[in-house]
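Input: a single structure, listed below in structure tokens.
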Amino acid sequence: MVDVSKIRKFNDASDYTRHFIVQKEIDKYLPGGRHFIDDAKITDLIAKNDSNPAPDPIKVREIIAKSEDKCETLLPEETAELMKVEPNSELFEEMRAAADRIKHKVYDNRIVMFAPLYMSNLCVNGCKYCGFREGNCEQKRRVLTMDELKEEIDVLAGRIGHKRLIAVYGEHPSTSTEYIAQTIETCYNRKVAAPKTGAPVGIRRVNVNAAPLPVEDLKVLRSVGIGTFQVFQETYNRKLYESMHPSWSVKGNYDWRTTCFHRCLEAGVDDVGFGVLYGLCDWRYELLATIMHARDLERWFNIGPHTLSFPRLEPASGTKVPEESPWLIDDKTFARILVLARLSVPYTGIIVTARESPESRNKVIDHGMTQLDCSSNIAIKGYSDFENESHQEKTRQQFMLGDTRSIDEMVRYLASRDIITSFCTAGYRCGRTGGCIMDALKTGREGKFCKINAVLTFREWLDDFASDETKAIGDKLIEKELAAIKEWLPKFFPSVMKQYEATCKGQRDLFF
Ligand code: SAM
Ligand code: SF4
């Protein structure tokens with residue numbers, strides 16, 4: 001049973017909206033009232049770029065080299081210089097190739113697979129771009145019960161083969177921290193038999209995307225084994241933020257949201273996931289602010305973002321913002337942002353969600369990205385209600401998905417590009433999180449552990465879930481990967497093979 005004795009309870013939505021925010025937990029991280037997102041500096045850097053748009057190739061190459069060698073977060077000034085490089089130029093191709101090399105150094109040739117799981121669409125907030133916002137009568141409201149959640153897990157873990165979830169919640173007292181903790185526990189406890197081998201399978205890592213929480217609430221989520229706590233800032237531009245999030249709402253408080261990860265790290269939830277909703281503001285502003293945010297966390301805690309996500313505005317029920325915002329970005333700009341992000345925060349995981357079209361995701365696979373979702377359904381109870389995971393219903397989901405490819409198709413596509421799909425969740429279960437993993441990532445050590453664990457979990461998935469066609473191409477890739485591990489770690493290789501052969505015989509969840 002989760003111990004929730006130290007967290008506050010709220011009578012209803014209005015009580016929650018008025019009393020949820022803890023001001024002293026904001027003030028602590030904004031000493032002297034100064035915000036770490038330096039609006040004047042960002043505006044100045046953008047204005048300088050506008051008045052002097054030609055990049056200095058020598059400077060650009062020095063910055064690329066720094067990012068590659070040190071694997072440390074760049075200065076905003078350095079990223080601003082890289083931003084001058086036009087996407088179709090040779091210099092940009094040098095940047096893209098460096099981004100891909102850094103990705104390989106830190107994460108090897110793998111892409112981590114996850115699935116979104118929406119728990120509820122009740123919300124006390126009024127975000128103007130979101131289908132879940134309070135007062136949107138087009139949305140059918142629902143909160144998953146624990147029994148319904150088990151049905152969802154049966155499909156996600158038992159039919160599709162997912163091991164890693166991002167659990168998503170509206171902000172509402174009916175989905176309080178206690179509810180979030182119960183859902184995490186339910187996900188971990190549910191076990192099902194794999195369709196092809198009958199092996200026991202289940203969810204091994206539950207990341208959470210929810211509203212910012214106070215420290216005591218975060219400690220509760222830590223106690224039930226939360227993976228990454230992900231909160232998207234939407235926009236770092238305070239004025240635009242305030243125009244999108246009404247001041248009467250909890251989310252209307254910019255400072256509560258921007259200090260959320262400081263509280264996470266204080267509470268010991270040390271894998272934190274940043275994100276911006278691209279399309280609400282000038283992308284250059286967002287990227288420079290993201291760097292300032294990362295640097296401030298590093299200054300306080302020596303830990304930066306575990307992941308950066310790059311959601312783009314998508315059509316949603318009852319709103320025109322996703323179609324009419326003046327800041328919408330095209331695919332080329334999206335790809336450019338990913339390269340800049342990889343070079344600017346070299347050690348971080350980069351997530352590209354199924355909001356993107358298949359063409360856009362295929363294109364950016366060699367732009368430094370590390371994680372994607374597939375066979376995704378974001379309707380509440382969408383996995384177990386619809387036969388086909390790609391089925392979408394606007395009135396039951398927050399926005400519409402762009403890439404509805406199945407996991408089998410995606411795994412096969414990635415393998416055709418020599419990329420191994422990893423279902424590994426070992427890192428956080430071995431304590432490789434937060435500060436611990438930062439060092440391992442920067443030196444490339446984590447990538448090597450990950451290669452071995454990627455092979456073991458890929459083997460599991462191929463045997464438990466893959467079609468014959470995907471299995472055939474996957475088997476060939478595994479042969480190559482094992483050969484690479486043998487060459488890289490000749491002495492350790494027999495131990496790897498022991499675990500690999502046990503996995504082939506049906507043992508599950510073996511990892512290093
Ligand atoms: N309600 C919590 C919050 O807002 O922090 C939890 C997450 S909300 C359900 C998930 C995220 O979806 C939001 O942070 C936002 O970035 C994104 N989102 C909302 N509306 C969207 C839209 N129309 N297109 C794409 N992403 C959207
Ligand atoms: Fe609610 Fe989150 Fe949607 Fe805003 S983005 S309306 S907080 S679910």
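Following the order of the structure tokens, first chain is A, next is B, and so on, with residues numbered from 1 inside each chain and ligands from 1 in the order they appear.
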
Requested in this report: Name each residue within 6 Å of ligand 2, counting only C-alpha atoms and all ligand atoms, as a ChimeraX atom specification.
Outcome: /A:123,125-127,130,132-133,170-171

Report task. For Lys486 of chain A, please output as an MDAnalysis selection string all residues within 10 Å (counting only C-alpha atoms; exclusion window: fewer than 6 positions along the same chain). Result -> chainID A and resid 480 492:494 496:497

Could you take the residues named above and write them with C-alpha atoms, as an mmCIF file, in the first residue's frame?
data_model
loop_
_atom_site.group_PDB
_atom_site.id
_atom_site.type_symbol
_atom_site.label_atom_id
_atom_site.label_comp_id
_atom_site.auth_asym_id
_atom_site.auth_seq_id
_atom_site.Cartn_x
_atom_site.Cartn_y
_atom_site.Cartn_z
ATOM 1 C CA LYS A 480 26.024 -8.470 -36.131
ATOM 2 C CA PHE A 492 33.303 -10.468 -20.909
ATOM 3 C CA PHE A 493 31.701 -11.994 -24.005
ATOM 4 C CA PRO A 494 31.145 -15.517 -22.527
ATOM 5 C CA VAL A 496 27.005 -12.108 -22.313
ATOM 6 C CA MET A 497 26.475 -15.328 -24.283
#

Report task. Could you give me, as a PyMOL selection string, each residue of segment 2-196 of chain A that DSSP assigns to helix (DSSP H, G or I) when run on this structure's backbone? Result -> chain A and resi 13-19+24-27+31-33+39-51+57-70+76-83+90-107+146-160+173-175+177-189

Query raised in the report: Would you name the residues within 6 Å of ligand 1, counting only C-alpha atoms and all ligand atoms, and put them as a list in words?
Result: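 Using only C-alpha atoms and all ligand atoms, I find these residues within 6 Å of ligand 1: Tyr129, Cys130, Val168, Tyr169, Gly170, Glu171, Asn209, Ala210, Ala211, Val231, Phe232, Glu234, Leu277, Pro311, Arg312, Leu313, Glu314, Pro315, Ala316, Pro322 and Phe399 of chain A.
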
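If only C-alpha atoms are the atoms counted, then among A:Tyr236, A:Phe114, A:Phe465, A:Tyr16 the closest residue to His35 of chain A is A:Tyr236.
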
Segment 97-124 of chain A residues near segment 62-69 of chain A within 12 Å, closest pair each, using only C-alpha atoms, as CSV:
residue,atom,partner,partner_atom,distance
A:Ala97,CA,A:Ile64,CA,10.2
A:Ala98,CA,A:Ile64,CA,7.1
A:Ala99,CA,A:Glu68,CA,8.3
A:Asp100,CA,A:Glu68,CA,10.3
A:Arg101,CA,A:Glu68,CA,8.0
A:Ile102,CA,A:Glu68,CA,6.0
A:Lys103,CA,A:Glu68,CA,9.7
A:His104,CA,A:Glu68,CA,10.9
A:Lys105,CA,A:Glu68,CA,8.9
A:Val106,CA,A:Glu68,CA,10.1

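For segment 160-237 of chain A, the set of residues given strand (DSSP E or B) by DSSP on the backbone reads Arg164, Leu165, Ile166, Ala167, Val168, Lys191, Val192, Ala193, Pro200, Val201, Gly202, Arg205, Val206, Asn207, Val208, Asn209, Phe229, Gln230 and Glu234 of chain A.
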
Query - Option closest in space to Gly198 of chain A, from A:Asp463, A:Glu487, A:Asp12, A:Glu81 [counting only C-alpha atoms] - result: A:Asp463

Requested in this report: With a distance cut-off of 8 Å and only C-alpha atoms, select the neighbouring residues of segment 189-192 of chain A, excluding the residue or stretch itself and same-chain residues fewer than 4 positions from it, and output the selection as a list in words.
Outcome: Lys150, Ile153, Asp154, Ala157, Gly158, Glu185, Pro200, Val201, Gly202 and Ile203 of chain A

Can you build me a table of segment 239-320 of chain A residues sitting at most 12 Å from segment 213-229 of chain A, with the closest atom pair per residue and its distance in Å to one decimal, using only C-alpha atoms, sorted by chain and residue number, as JSON lines?
{"residue": "A:Val250", "atom": "CA", "partner": "A:Leu213", "partner_atom": "CA", "distance": 11.0}
{"residue": "A:Lys251", "atom": "CA", "partner": "A:Leu213", "partner_atom": "CA", "distance": 11.3}
{"residue": "A:Trp256", "atom": "CA", "partner": "A:Leu213", "partner_atom": "CA", "distance": 8.8}
{"residue": "A:Arg257", "atom": "CA", "partner": "A:Leu213", "partner_atom": "CA", "distance": 8.9}
{"residue": "A:Thr258", "atom": "CA", "partner": "A:Leu213", "partner_atom": "CA", "distance": 11.5}
{"residue": "A:Thr259", "atom": "CA", "partner": "A:Leu213", "partner_atom": "CA", "distance": 10.0}
{"residue": "A:Cys260", "atom": "CA", "partner": "A:Leu213", "partner_atom": "CA", "distance": 6.9}
{"residue": "A:Phe261", "atom": "CA", "partner": "A:Phe229", "partner_atom": "CA", "distance": 8.3}
{"residue": "A:His262", "atom": "CA", "partner": "A:Val215", "partner_atom": "CA", "distance": 9.3}
{"residue": "A:Arg263", "atom": "CA", "partner": "A:Val215", "partner_atom": "CA", "distance": 5.5}
{"residue": "A:Cys264", "atom": "CA", "partner": "A:Leu218", "partner_atom": "CA", "distance": 6.3}
{"residue": "A:Leu265", "atom": "CA", "partner": "A:Val215", "partner_atom": "CA", "distance": 9.0}
{"residue": "A:Glu266", "atom": "CA", "partner": "A:Val215", "partner_atom": "CA", "distance": 7.1}
{"residue": "A:Ala267", "atom": "CA", "partner": "A:Lys219", "partner_atom": "CA", "distance": 5.4}
{"residue": "A:Gly268", "atom": "CA", "partner": "A:Lys219", "partner_atom": "CA", "distance": 7.0}
{"residue": "A:Val269", "atom": "CA", "partner": "A:Arg222", "partner_atom": "CA", "distance": 5.8}
{"residue": "A:Asp270", "atom": "CA", "partner": "A:Thr228", "partner_atom": "CA", "distance": 7.6}
{"residue": "A:Asp271", "atom": "CA", "partner": "A:Thr228", "partner_atom": "CA", "distance": 4.7}
{"residue": "A:Val272", "atom": "CA", "partner": "A:Phe229", "partner_atom": "CA", "distance": 5.0}
{"residue": "A:Gly273", "atom": "CA", "partner": "A:Phe229", "partner_atom": "CA", "distance": 5.9}
{"residue": "A:Phe274", "atom": "CA", "partner": "A:Phe229", "partner_atom": "CA", "distance": 8.9}
{"residue": "A:Gly275", "atom": "CA", "partner": "A:Phe229", "partner_atom": "CA", "distance": 11.3}
{"residue": "A:Pro305", "atom": "CA", "partner": "A:Thr228", "partner_atom": "CA", "distance": 9.8}
{"residue": "A:His306", "atom": "CA", "partner": "A:Thr228", "partner_atom": "CA", "distance": 7.6}
{"residue": "A:Thr307", "atom": "CA", "partner": "A:Thr228", "partner_atom": "CA", "distance": 8.5}
{"residue": "A:Leu308", "atom": "CA", "partner": "A:Thr228", "partner_atom": "CA", "distance": 11.2}

Segment 246-353 of chain A near segment 373-390 of chain A within 10 Å: what's each residue's closest atom pair and its distance in Å to one decimal, counting only C-alpha atoms, ordered by chain then ascending residue number, as a tab-separated table?
residue	atom	partner	partner_atom	distance
A:Ile351	CA	A:Asp373	CA	8.6
A:Val352	CA	A:Asp373	CA	7.8
A:Thr353	CA	A:Asp373	CA	5.8

Query raised in the report: So what do you get for atom CA of Ile37 of chain A versus atom CA of Gly368 of chain A, distance-wise?
Result: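 Separation between atom CA of Ile37 of chain A and atom CA of Gly368 of chain A: 25.2 Å.
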
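The neighbours of Thr395 of chain A here are the residues that come within 10 Å of it, using only C-alpha atoms and leaving out any residue fewer than 2 positions away in the same chain; they are A:Gly131, A:Phe132, A:Asn136, A:Cys137, A:Glu138, A:Gln139, A:Lys140, A:Arg141, A:Ala316, A:Ser317, A:Gly318, A:Ala379, A:Gln392, A:Glu393, A:Gln397, A:Gln398, A:Phe399.
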
Residues of segment 67-132 of chain A within 9 Å of segment 405-416 of chain A: nearest atom pair and distance (Å, one decimal) for each, counting only C-alpha atoms, sorted by chain and number, as CSV?
residue,atom,partner,partner_atom,distance
A:Arg110,CA,A:Leu414,CA,9.0
A:Ile111,CA,A:Leu414,CA,8.3
A:Met113,CA,A:Ile407,CA,8.7
